[in-house]
Amino acid sequence: MKLLLISGSLREDSYNTALLRNVEEEAVLWDELKELPHYSEEEDVEPAPLAVERIRAAVRDADAVLFSTPEYNGSVPGALKDAVDWLSRPRGSAPLLNKPVGVVGASMSMFGAVWAQADLRRILKTAGARVIETELPVAKAHELFEDGRLQDAELHARLQAIVDELLDTVVADQVAA
Ligand SMILES: Cc1cc2nc3c(=O)[nH]c(=O)nc-3n(C[C@H](O)[C@H](O)[C@H](O)COP(=O)(O)O)c2cc1C
């Protein structure tokens with residue numbers, strides 16, 4: 001089972017990246033988001049820019065993807081929106097098409113990036129992904145980690161439950177195929 005983890009933060013000490021590092025399942029954490037150019041239809045030709053080809057290949061190769069998004073001004077960071085846009089093309093064979101994906105999010109506010117998570121779900125669905133609905137708002141993230149480890153056992157269990165739900169979706173697909 002190949003699980004890909006994508007953090008929407010470019011920050012070295014990101015809480016969203018830290019959250020994804022707490023996933024117990026064996027997984028690849030994508031750390032090349034900052035290399036992605038802004039989406040441009042003119043650049044979206046064969047061959048696409050190398051960073052685009054690389055993330056498209058990684059998502060195609062993954063059985064499932066888990067995103068963790070910060071909230072910037074009530075929505076997803078621009079870099080993450082660009083990634084979704086690149087991953088939504090080519091139409092009909094886009095890497096996100098029918099891909100099982102989950103969404104979690106962390107912020108330092110008391111709301112836990114709920115608007116960004118809702119927006120990310122909406123745009124991922126528009127891009128053709130199969131988005132699981134279970135939410136994980138991680139609020140006051142700056143109080144929750146020690147040496148990168150998530151200290152809140154309930155949040156840790158809910159994170160793992162979302163990963164399990166994603167992986168169950170993949171297994172159900174394989175059985176049905
Ligand atoms: C430009 C900007 C806008 C932000 N807007 C919001 C917001 O709308 N809601 C919120 O909860 N936090 C907001 N924040 C705070 C971020 O959630 C916080 O910096 C968070 O730690 C970023 O995630 P990261 O730690 O993964 O980088 C904003 C931060 C920045 C830099």
# chains A, B, ... in the order shown; residues from 1 in each chain; ligands from 1
>>> closest_atom_pairs(of="region 55-108 of chain A", to="region 39-47 of chain A", cutoff="7 Å", atoms="only C-alpha atoms", output="Markdown table")
| residue | atom | partner | partner_atom | distance |
| --- | --- | --- | --- | --- |
| A:Asp82 | CA | A:Tyr39 | CA | 5.4 |
| A:Asp85 | CA | A:Tyr39 | CA | 6.5 |
| A:Trp86 | CA | A:Tyr39 | CA | 6.2 |
>>> residues_near_ligand(ligand="ligand 1", cutoff="10 Å", atoms="only C-alpha atoms and all ligand atoms", output="JSON list (two decimals) with all heavy atoms, in the first residue's frame")
[["chain", "number", "residue", "atom", "x", "y", "z"],
["A", 7, "SER", "N", 2.02, 18.09, 2.67],
["A", 7, "SER", "CA", 1.75, 19.22, 3.54],
["A", 7, "SER", "C", 1.64, 20.48, 2.70],
["A", 7, "SER", "O", 2.45, 20.71, 1.79],
["A", 7, "SER", "CB", 2.89, 19.39, 4.56],
["A", 7, "SER", "OG", 2.76, 20.64, 5.22],
["A", 8, "GLY", "N", 0.65, 21.31, 3.02],
["A", 8, "GLY", "CA", 0.44, 22.55, 2.28],
["A", 8, "GLY", "C", 1.31, 23.69, 2.77],
["A", 8, "GLY", "O", 1.20, 24.81, 2.28],
["A", 9, "SER", "N", 2.17, 23.42, 3.74],
["A", 9, "SER", "CA", 3.04, 24.48, 4.27],
["A", 9, "SER", "C", 4.45, 24.34, 3.72],
["A", 9, "SER", "O", 4.97, 23.24, 3.62],
["A", 9, "SER", "CB", 3.09, 24.40, 5.80],
["A", 9, "SER", "OG", 4.02, 25.36, 6.29],
["A", 10, "LEU", "N", 5.06, 25.47, 3.40],
["A", 10, "LEU", "CA", 6.45, 25.47, 2.93],
["A", 10, "LEU", "C", 7.41, 25.74, 4.09],
["A", 10, "LEU", "O", 8.62, 25.77, 3.89],
["A", 10, "LEU", "CB", 6.63, 26.55, 1.85],
["A", 10, "LEU", "CG", 5.66, 26.53, 0.68],
["A", 10, "LEU", "CD1", 6.03, 27.59, -0.36],
["A", 10, "LEU", "CD2", 5.60, 25.15, 0.02],
["A", 11, "ARG", "N", 6.87, 25.92, 5.28],
["A", 11, "ARG", "CA", 7.66, 26.32, 6.43],
["A", 11, "ARG", "C", 8.45, 25.13, 7.00],
["A", 11, "ARG", "O", 7.91, 24.04, 7.16],
["A", 11, "ARG", "CB", 6.68, 26.81, 7.51],
["A", 11, "ARG", "CG", 7.14, 27.96, 8.34],
["A", 11, "ARG", "CD", 5.93, 28.58, 9.00],
["A", 11, "ARG", "NE", 5.27, 27.69, 9.93],
["A", 11, "ARG", "CZ", 5.63, 27.50, 11.19],
["A", 11, "ARG", "NH1", 6.68, 28.13, 11.67],
["A", 11, "ARG", "NH2", 4.94, 26.69, 11.99],
["A", 12, "GLU", "N", 9.72, 25.39, 7.31],
["A", 12, "GLU", "CA", 10.59, 24.34, 7.88],
["A", 12, "GLU", "C", 9.96, 23.73, 9.14],
["A", 12, "GLU", "O", 9.94, 22.52, 9.31],
["A", 12, "GLU", "CB", 11.95, 24.97, 8.21],
["A", 12, "GLU", "CG", 13.08, 23.99, 8.38],
["A", 12, "GLU", "CD", 13.46, 23.29, 7.08],
["A", 12, "GLU", "OE1", 13.42, 23.91, 5.99],
["A", 12, "GLU", "OE2", 13.77, 22.09, 7.17],
["A", 13, "ASP", "N", 9.45, 24.60, 10.03],
["A", 13, "ASP", "CA", 8.92, 24.12, 11.31],
["A", 13, "ASP", "C", 7.40, 24.00, 11.29],
["A", 13, "ASP", "O", 6.74, 24.18, 12.32],
["A", 13, "ASP", "CB", 9.34, 25.08, 12.44],
["A", 13, "ASP", "CG", 10.85, 25.08, 12.62],
["A", 13, "ASP", "OD1", 11.46, 24.00, 12.45],
["A", 13, "ASP", "OD2", 11.41, 26.15, 12.92],
["A", 14, "SER", "N", 6.87, 23.68, 10.15],
["A", 14, "SER", "CA", 5.41, 23.61, 9.96],
["A", 14, "SER", "C", 4.73, 22.61, 10.88],
["A", 14, "SER", "O", 5.16, 21.46, 11.01],
["A", 14, "SER", "CB", 5.14, 23.23, 8.50],
["A", 14, "SER", "OG", 3.87, 22.66, 8.37],
["A", 15, "TYR", "N", 3.61, 23.04, 11.47],
["A", 15, "TYR", "CA", 2.81, 22.11, 12.28],
["A", 15, "TYR", "C", 2.07, 21.11, 11.40],
["A", 15, "TYR", "O", 1.81, 19.98, 11.82],
["A", 15, "TYR", "CB", 1.82, 22.89, 13.16],
["A", 15, "TYR", "CG", 2.53, 23.78, 14.15],
["A", 15, "TYR", "CD1", 2.43, 25.16, 14.08],
["A", 15, "TYR", "CD2", 3.35, 23.23, 15.14],
["A", 15, "TYR", "CE1", 3.11, 25.98, 14.96],
["A", 15, "TYR", "CE2", 4.04, 24.04, 16.03],
["A", 15, "TYR", "CZ", 3.91, 25.42, 15.93],
["A", 15, "TYR", "OH", 4.60, 26.22, 16.81],
["A", 16, "ASN", "N", 1.71, 21.52, 10.19],
["A", 16, "ASN", "CA", 1.03, 20.59, 9.29],
["A", 16, "ASN", "C", 1.97, 19.46, 8.85],
["A", 16, "ASN", "O", 1.57, 18.30, 8.80],
["A", 16, "ASN", "CB", 0.46, 21.34, 8.07],
["A", 16, "ASN", "CG", -0.79, 22.09, 8.45],
["A", 16, "ASN", "OD1", -1.87, 21.52, 8.51],
["A", 16, "ASN", "ND2", -0.64, 23.37, 8.78],
["A", 17, "THR", "N", 3.22, 19.83, 8.57],
["A", 17, "THR", "CA", 4.20, 18.79, 8.23],
["A", 17, "THR", "C", 4.45, 17.90, 9.45],
["A", 17, "THR", "O", 4.53, 16.67, 9.32],
["A", 17, "THR", "CB", 5.51, 19.45, 7.74],
["A", 17, "THR", "OG1", 5.18, 20.37, 6.69],
["A", 17, "THR", "CG2", 6.48, 18.42, 7.20],
["A", 18, "ALA", "N", 4.54, 18.53, 10.62],
["A", 18, "ALA", "CA", 4.74, 17.74, 11.85],
["A", 18, "ALA", "C", 3.58, 16.77, 12.06],
["A", 18, "ALA", "O", 3.79, 15.60, 12.42],
["A", 18, "ALA", "CB", 4.86, 18.69, 13.05],
["A", 19, "LEU", "N", 2.37, 17.25, 11.78],
["A", 19, "LEU", "CA", 1.19, 16.38, 11.94],
["A", 19, "LEU", "C", 1.33, 15.14, 11.04],
["A", 19, "LEU", "O", 1.12, 14.00, 11.49],
["A", 19, "LEU", "CB", -0.06, 17.17, 11.58],
["A", 19, "LEU", "CG", -1.41, 16.47, 11.75],
["A", 19, "LEU", "CD1", -1.65, 16.13, 13.22],
["A", 19, "LEU", "CD2", -2.54, 17.36, 11.22],
["A", 68, "SER", "N", -2.37, 17.72, 4.45],
["A", 68, "SER", "CA", -2.58, 18.52, 5.65],
["A", 68, "SER", "C", -2.41, 19.98, 5.27],
["A", 68, "SER", "O", -1.37, 20.38, 4.74],
["A", 68, "SER", "CB", -1.58, 18.14, 6.75],
["A", 68, "SER", "OG", -1.91, 18.83, 7.94],
["A", 69, "THR", "N", -3.44, 20.77, 5.53],
["A", 69, "THR", "CA", -3.40, 22.16, 5.06],
["A", 69, "THR", "C", -3.42, 23.17, 6.20],
["A", 69, "THR", "O", -4.22, 23.07, 7.12],
["A", 69, "THR", "CB", -4.58, 22.46, 4.10],
["A", 69, "THR", "OG1", -4.43, 23.80, 3.62],
["A", 69, "THR", "CG2", -5.95, 22.30, 4.74],
["A", 70, "PRO", "N", -2.54, 24.17, 6.12],
["A", 70, "PRO", "CA", -2.70, 25.35, 6.97],
["A", 70, "PRO", "C", -3.87, 26.17, 6.44],
["A", 70, "PRO", "O", -4.39, 25.87, 5.36],
["A", 70, "PRO", "CB", -1.40, 26.13, 6.76],
["A", 70, "PRO", "CG", -0.51, 25.31, 5.91],
["A", 70, "PRO", "CD", -1.38, 24.29, 5.22],
["A", 71, "GLU", "N", -4.25, 27.17, 7.20],
["A", 71, "GLU", "CA", -5.30, 28.10, 6.71],
["A", 71, "GLU", "C", -4.67, 29.48, 6.56],
["A", 71, "GLU", "O", -4.11, 30.01, 7.52],
["A", 71, "GLU", "CB", -6.45, 28.14, 7.71],
["A", 71, "GLU", "CG", -7.61, 28.98, 7.22],
["A", 71, "GLU", "CD", -8.84, 28.71, 8.07],
["A", 71, "GLU", "OE1", -9.43, 27.63, 7.93],
["A", 71, "GLU", "OE2", -9.18, 29.59, 8.88],
["A", 72, "TYR", "N", -4.75, 30.02, 5.35],
["A", 72, "TYR", "CA", -4.27, 31.38, 5.10],
["A", 72, "TYR", "C", -5.48, 32.22, 4.69],
["A", 72, "TYR", "O", -6.11, 31.96, 3.65],
["A", 72, "TYR", "CB", -3.24, 31.40, 3.96],
["A", 72, "TYR", "CG", -1.85, 30.90, 4.31],
["A", 72, "TYR", "CD1", -1.52, 30.45, 5.60],
["A", 72, "TYR", "CD2", -0.84, 30.89, 3.36],
["A", 72, "TYR", "CE1", -0.24, 30.01, 5.91],
["A", 72, "TYR", "CE2", 0.44, 30.45, 3.66],
["A", 72, "TYR", "CZ", 0.73, 30.02, 4.93],
["A", 72, "TYR", "OH", 2.00, 29.58, 5.22],
["A", 73, "ASN", "N", -5.79, 33.20, 5.50],
["A", 73, "ASN", "CA", -6.93, 34.08, 5.21],
["A", 73, "ASN", "C", -8.18, 33.30, 4.83],
["A", 73, "ASN", "O", -8.84, 33.57, 3.83],
["A", 73, "ASN", "CB", -6.54, 35.10, 4.12],
["A", 73, "ASN", "CG", -5.45, 36.02, 4.62],
["A", 73, "ASN", "OD1", -5.64, 36.70, 5.63],
["A", 73, "ASN", "ND2", -4.30, 36.01, 3.97],
["A", 74, "GLY", "N", -8.45, 32.29, 5.63],
["A", 74, "GLY", "CA", -9.71, 31.55, 5.50],
["A", 74, "GLY", "C", -9.72, 30.51, 4.39],
["A", 74, "GLY", "O", -10.78, 29.95, 4.10],
["A", 75, "SER", "N", -8.57, 30.21, 3.79],
["A", 75, "SER", "CA", -8.58, 29.22, 2.71],
["A", 75, "SER", "C", -7.24, 28.50, 2.64],
["A", 75, "SER", "O", -6.42, 28.60, 3.55],
["A", 75, "SER", "CB", -8.94, 29.89, 1.39],
["A", 75, "SER", "OG", -9.18, 28.91, 0.39],
["A", 76, "VAL", "N", -7.03, 27.77, 1.53],
["A", 76, "VAL", "CA", -5.78, 27.00, 1.39],
["A", 76, "VAL", "C", -4.65, 27.92, 0.92],
["A", 76, "VAL", "O", -4.89, 28.89, 0.21],
["A", 76, "VAL", "CB", -5.95, 25.84, 0.37],
["A", 76, "VAL", "CG1", -6.96, 24.83, 0.85],
["A", 76, "VAL", "CG2", -6.34, 26.35, -1.00],
["A", 77, "PRO", "N", -3.41, 27.61, 1.32],
["A", 77, "PRO", "CA", -2.28, 28.39, 0.81],
["A", 77, "PRO", "C", -2.18, 28.26, -0.71],
["A", 77, "PRO", "O", -2.52, 27.22, -1.29],
["A", 77, "PRO", "CB", -1.06, 27.73, 1.45],
["A", 77, "PRO", "CG", -1.59, 26.98, 2.63],
["A", 77, "PRO", "CD", -2.98, 26.57, 2.25],
["A", 105, "GLY", "N", -5.88, 19.22, 8.88],
["A", 105, "GLY", "CA", -5.29, 20.55, 8.88],
["A", 105, "GLY", "C", -5.01, 21.05, 10.28],
["A", 105, "GLY", "O", -5.71, 20.70, 11.22],
["A", 106, "ALA", "N", -3.95, 21.86, 10.38],
["A", 106, "ALA", "CA", -3.57, 22.42, 11.67],
["A", 106, "ALA", "C", -3.37, 23.92, 11.54],
["A", 106, "ALA", "O", -2.88, 24.40, 10.51],
["A", 106, "ALA", "CB", -2.26, 21.79, 12.14],
["A", 107, "SER", "N", -3.80, 24.64, 12.59],
["A", 107, "SER", "CA", -3.49, 26.07, 12.64],
["A", 107, "SER", "C", -3.27, 26.46, 14.09],
["A", 107, "SER", "O", -3.56, 25.69, 15.01],
["A", 107, "SER", "CB", -4.62, 26.90, 12.02],
["A", 107, "SER", "OG", -5.66, 27.07, 12.96],
["A", 108, "MET", "N", -2.78, 27.67, 14.28],
["A", 108, "MET", "CA", -2.51, 28.12, 15.65],
["A", 108, "MET", "C", -3.75, 28.75, 16.28],
["A", 108, "MET", "O", -3.74, 29.07, 17.46],
["A", 108, "MET", "CB", -1.34, 29.09, 15.64],
["A", 108, "MET", "CG", -0.03, 28.41, 15.28],
["A", 108, "MET", "SD", 1.41, 29.35, 15.74],
["A", 108, "MET", "CE", 1.67, 30.30, 14.27],
["A", 109, "SER", "N", -4.79, 28.90, 15.49],
["A", 109, "SER", "CA", -6.01, 29.50, 16.04],
["A", 109, "SER", "C", -6.82, 28.41, 16.76],
["A", 109, "SER", "O", -6.45, 27.24, 16.79],
["A", 109, "SER", "CB", -6.86, 30.09, 14.92],
["A", 109, "SER", "OG", -7.55, 29.06, 14.26],
["A", 110, "MET", "N", -7.96, 28.82, 17.31],
["A", 110, "MET", "CA", -8.79, 27.86, 18.04],
["A", 110, "MET", "C", -9.70, 27.05, 17.11],
["A", 110, "MET", "O", -10.48, 26.22, 17.59],
["A", 110, "MET", "CB", -9.62, 28.57, 19.11],
["A", 110, "MET", "CG", -10.55, 29.62, 18.56],
["A", 110, "MET", "SD", -11.28, 30.62, 19.86],
["A", 110, "MET", "CE", -12.38, 29.42, 20.59],
["A", 111, "PHE", "N", -9.59, 27.26, 15.79],
["A", 111, "PHE", "CA", -10.51, 26.57, 14.87],
["A", 111, "PHE", "C", -9.89, 25.40, 14.12],
["A", 111, "PHE", "O", -10.60, 24.53, 13.62],
["A", 111, "PHE", "CB", -11.12, 27.57, 13.88],
["A", 111, "PHE", "CG", -11.88, 28.67, 14.56],
["A", 111, "PHE", "CD1", -11.40, 29.96, 14.56],
["A", 111, "PHE", "CD2", -13.06, 28.39, 15.24],
["A", 111, "PHE", "CE1", -12.09, 30.98, 15.21],
["A", 111, "PHE", "CE2", -13.76, 29.40, 15.89],
["A", 111, "PHE", "CZ", -13.26, 30.70, 15.89],
["A", 112, "GLY", "N", -8.57, 25.39, 13.99],
["A", 112, "GLY", "CA", -7.92, 24.23, 13.37],
["A", 112, "GLY", "C", -8.08, 24.13, 11.87],
["A", 112, "GLY", "O", -8.25, 23.04, 11.33],
["A", 113, "ALA", "N", -8.03, 25.28, 11.21],
["A", 113, "ALA", "CA", -8.02, 25.31, 9.73],
["A", 113, "ALA", "C", -9.25, 24.66, 9.11],
["A", 113, "ALA", "O", -9.17, 24.04, 8.05],
["A", 113, "ALA", "CB", -6.73, 24.65, 9.20],
["A", 114, "VAL", "N", -10.41, 24.84, 9.75],
["A", 114, "VAL", "CA", -11.62, 24.17, 9.23],
["A", 114, "VAL", "C", -12.06, 24.73, 7.87],
["A", 114, "VAL", "O", -12.54, 23.98, 7.02],
["A", 114, "VAL", "CB", -12.82, 24.25, 10.22],
["A", 114, "VAL", "CG1", -12.69, 23.22, 11.30],
["A", 114, "VAL", "CG2", -13.01, 25.64, 10.78],
["A", 115, "TRP", "N", -11.88, 26.05, 7.68],
["A", 115, "TRP", "CA", -12.29, 26.61, 6.38],
["A", 115, "TRP", "C", -11.36, 26.12, 5.28],
["A", 115, "TRP", "O", -11.81, 25.80, 4.18],
["A", 115, "TRP", "CB", -12.27, 28.14, 6.44],
["A", 115, "TRP", "CG", -13.42, 28.75, 7.19],
["A", 115, "TRP", "CD1", -14.53, 28.10, 7.63],
["A", 115, "TRP", "CD2", -13.55, 30.11, 7.58],
["A", 115, "TRP", "NE1", -15.34, 28.98, 8.28],
["A", 115, "TRP", "CE2", -14.78, 30.22, 8.26],
["A", 115, "TRP", "CE3", -12.77, 31.25, 7.44],
["A", 115, "TRP", "CZ2", -15.23, 31.43, 8.78],
["A", 115, "TRP", "CZ3", -13.21, 32.45, 7.96],
["A", 115, "TRP", "CH2", -14.44, 32.54, 8.62],
["A", 116, "ALA", "N", -10.07, 26.10, 5.58],
["A", 116, "ALA", "CA", -9.11, 25.62, 4.57],
["A", 116, "ALA", "C", -9.40, 24.15, 4.23],
["A", 116, "ALA", "O", -9.35, 23.75, 3.06],
["A", 116, "ALA", "CB", -7.69, 25.77, 5.09],
["A", 138, "VAL", "N", -6.99, 20.48, 13.77],
["A", 138, "VAL", "CA", -5.99, 20.52, 14.84],
["A", 138, "VAL", "C", -5.77, 21.99, 15.22],
["A", 138, "VAL", "O", -5.08, 22.73, 14.52],
["A", 138, "VAL", "CB", -4.68, 19.84, 14.38],
["A", 138, "VAL", "CG1", -3.60, 19.97, 15.46],
["A", 138, "VAL", "CG2", -4.94, 18.38, 14.05],
["A", 139, "ALA", "N", -6.42, 22.40, 16.32],
["A", 139, "ALA", "CA", -6.38, 23.80, 16.76],
["A", 139, "ALA", "C", -5.21, 24.02, 17.73],
["A", 139, "ALA", "O", -4.68, 23.06, 18.30],
["A", 139, "ALA", "CB", -7.70, 24.13, 17.44],
["A", 140, "LYS", "N", -4.82, 25.28, 17.85],
["A", 140, "LYS", "CA", -3.73, 25.65, 18.77],
["A", 140, "LYS", "C", -2.53, 24.72, 18.61],
["A", 140, "LYS", "O", -2.00, 24.16, 19.59],
["A", 140, "LYS", "CB", -4.23, 25.64, 20.21],
["A", 140, "LYS", "CG", -5.34, 26.66, 20.45],
["A", 140, "LYS", "CD", -5.66, 26.77, 21.92],
["A", 140, "LYS", "CE", -6.73, 27.83, 22.13],
["A", 140, "LYS", "NZ", -7.19, 27.94, 23.50],
["A", 141, "ALA", "N", -2.13, 24.55, 17.36],
["A", 141, "ALA", "CA", -1.11, 23.55, 17.03],
["A", 141, "ALA", "C", 0.21, 23.81, 17.76],
["A", 141, "ALA", "O", 0.95, 22.87, 18.06],
["A", 141, "ALA", "CB", -0.89, 23.52, 15.52],
["A", 142, "HIS", "N", 0.48, 25.08, 18.04],
["A", 142, "HIS", "CA", 1.76, 25.42, 18.71],
["A", 142, "HIS", "C", 1.84, 24.86, 20.13],
["A", 142, "HIS", "O", 2.91, 24.85, 20.73],
["A", 142, "HIS", "CB", 1.94, 26.94, 18.72],
["A", 142, "HIS", "CG", 0.77, 27.68, 19.27],
["A", 142, "HIS", "ND1", -0.48, 27.66, 18.67],
["A", 142, "HIS", "CD2", 0.63, 28.44, 20.37],
["A", 142, "HIS", "CE1", -1.32, 28.40, 19.38],
["A", 142, "HIS", "NE2", -0.66, 28.87, 20.41]]
>>> closest_residue(among="A:Val170, A:Leu96, A:Leu4, A:Glu53", to="Arg21 (chain A)", atoms="only C-alpha atoms")
A:Leu4
>>> closest_residue(among="A:Glu133, A:Asp168, A:Asp63, A:Asp152", to="Asn22 (chain A)", atoms="only C-alpha atoms")
A:Asp152
>>> atom_distance(atom1="CA of Ala94 (chain A)", atom2="CA of Leu124 (chain A)")
11.6 Å
>>> select_by_dssp(residues="region 17-153 of chain A", states="strand (DSSP E or B)", output="mmCIF file with N, CA and C atoms, in the first residue's frame")
data_model
loop_
_atom_site.group_PDB
_atom_site.id
_atom_site.type_symbol
_atom_site.label_atom_id
_atom_site.label_comp_id
_atom_site.auth_asym_id
_atom_site.auth_seq_id
_atom_site.Cartn_x
_atom_site.Cartn_y
_atom_site.Cartn_z
ATOM 1 N N VAL A 28 5.280 8.061 2.165
ATOM 2 C CA VAL A 28 6.258 9.019 1.632
ATOM 3 C C VAL A 28 5.737 10.420 1.912
ATOM 4 N N LEU A 29 6.570 11.253 2.544
ATOM 5 C CA LEU A 29 6.205 12.642 2.799
ATOM 6 C C LEU A 29 6.779 13.507 1.686
ATOM 7 N N TRP A 30 5.899 14.147 0.897
ATOM 8 C CA TRP A 30 6.347 14.950 -0.246
ATOM 9 C C TRP A 30 6.975 16.237 0.257
ATOM 10 N N ALA A 64 -3.113 6.171 -2.284
ATOM 11 C CA ALA A 64 -3.947 7.166 -1.600
ATOM 12 C C ALA A 64 -3.063 8.337 -1.189
ATOM 13 N N VAL A 65 -3.701 9.497 -1.018
ATOM 14 C CA VAL A 65 -2.955 10.712 -0.636
ATOM 15 C C VAL A 65 -3.645 11.346 0.574
ATOM 16 N N LEU A 66 -2.827 11.733 1.559
ATOM 17 C CA LEU A 66 -3.352 12.491 2.699
ATOM 18 C C LEU A 66 -2.724 13.880 2.682
ATOM 19 N N PHE A 67 -3.583 14.910 2.615
ATOM 20 C CA PHE A 67 -3.128 16.301 2.637
ATOM 21 C C PHE A 67 -3.301 16.873 4.042
ATOM 22 N N SER A 68 -2.367 17.721 4.447
ATOM 23 C CA SER A 68 -2.579 18.518 5.651
ATOM 24 C C SER A 68 -2.410 19.981 5.275
ATOM 25 N N THR A 69 -3.445 20.766 5.529
ATOM 26 C CA THR A 69 -3.399 22.158 5.061
ATOM 27 C C THR A 69 -3.418 23.168 6.203
ATOM 28 N N TYR A 72 -4.747 30.018 5.350
ATOM 29 C CA TYR A 72 -4.273 31.381 5.099
ATOM 30 C C TYR A 72 -5.478 32.219 4.687
ATOM 31 N N SER A 75 -8.570 30.210 3.793
ATOM 32 C CA SER A 75 -8.582 29.216 2.712
ATOM 33 C C SER A 75 -7.236 28.496 2.635
ATOM 34 N N PRO A 100 -8.251 8.074 -4.021
ATOM 35 C CA PRO A 100 -8.721 8.253 -2.644
ATOM 36 C C PRO A 100 -7.843 9.258 -1.901
ATOM 37 N N VAL A 101 -8.458 10.316 -1.374
ATOM 38 C CA VAL A 101 -7.677 11.314 -0.645
ATOM 39 C C VAL A 101 -8.366 11.672 0.669
ATOM 40 N N GLY A 102 -7.544 12.029 1.635
ATOM 41 C CA GLY A 102 -8.028 12.525 2.917
ATOM 42 C C GLY A 102 -7.454 13.913 3.154
ATOM 43 N N VAL A 103 -8.132 14.659 4.029
ATOM 44 C CA VAL A 103 -7.712 16.034 4.328
ATOM 45 C C VAL A 103 -7.726 16.243 5.840
ATOM 46 N N VAL A 104 -6.597 16.721 6.365
ATOM 47 C CA VAL A 104 -6.541 17.170 7.748
ATOM 48 C C VAL A 104 -5.926 18.568 7.741
ATOM 49 N N GLY A 105 -5.878 19.216 8.884
ATOM 50 C CA GLY A 105 -5.288 20.551 8.877
ATOM 51 C C GLY A 105 -5.012 21.050 10.277
ATOM 52 N N ALA A 106 -3.953 21.865 10.379
ATOM 53 C CA ALA A 106 -3.568 22.423 11.673
ATOM 54 C C ALA A 106 -3.375 23.921 11.539
ATOM 55 N N ARG A 130 -11.556 11.243 -4.993
ATOM 56 C CA ARG A 130 -12.575 10.680 -4.091
ATOM 57 C C ARG A 130 -12.157 11.048 -2.671
ATOM 58 N N VAL A 131 -12.853 12.009 -2.111
ATOM 59 C CA VAL A 131 -12.415 12.617 -0.858
ATOM 60 C C VAL A 131 -13.195 12.024 0.314
ATOM 61 N N PRO A 137 -9.690 18.813 12.579
ATOM 62 C CA PRO A 137 -9.202 20.168 12.850
ATOM 63 C C PRO A 137 -8.242 20.150 14.041
ATOM 64 N N VAL A 138 -6.989 20.483 13.771
ATOM 65 C CA VAL A 138 -5.988 20.522 14.845
ATOM 66 C C VAL A 138 -5.771 21.992 15.219
ATOM 67 N N PHE A 145 2.753 19.944 20.078
ATOM 68 C CA PHE A 145 3.886 19.098 19.668
ATOM 69 C C PHE A 145 5.071 19.286 20.600
ATOM 70 N N GLU A 146 5.747 18.152 20.865
ATOM 71 C CA GLU A 146 7.000 18.210 21.618
ATOM 72 C C GLU A 146 8.012 17.368 20.864
ATOM 73 N N ARG A 149 6.573 15.299 18.164
ATOM 74 C CA ARG A 149 5.568 14.271 18.481
ATOM 75 C C ARG A 149 4.272 14.948 18.931
ATOM 76 N N LEU A 150 3.172 14.495 18.361
ATOM 77 C CA LEU A 150 1.847 14.991 18.752
ATOM 78 C C LEU A 150 1.527 14.472 20.150
#
>>> atom_distance(atom1="CA of Leu20 (chain A)", atom2="CA of Gly148 (chain A)")
10.1 Å
>>> select_by_dssp(residues="chain A", states="helix (DSSP H, G or I)", output="ChimeraX atom specification")
/A:15-21,33-35,50-61,78-87,114-126,141-143,153-176
>>> residues_around(residues="Ile123 (chain A)", least_positions_apart="3", cutoff="10 Å", atoms="only C-alpha atoms", output="number ranges by chain")
A: 76, 81, 84-85, 88, 117-120, 126-129
>>> closest_residue(among="A:Ala62, A:Pro95, A:Ile6, A:Glu24", to="Ile162 (chain A)", atoms="only C-alpha atoms")
A:Glu24
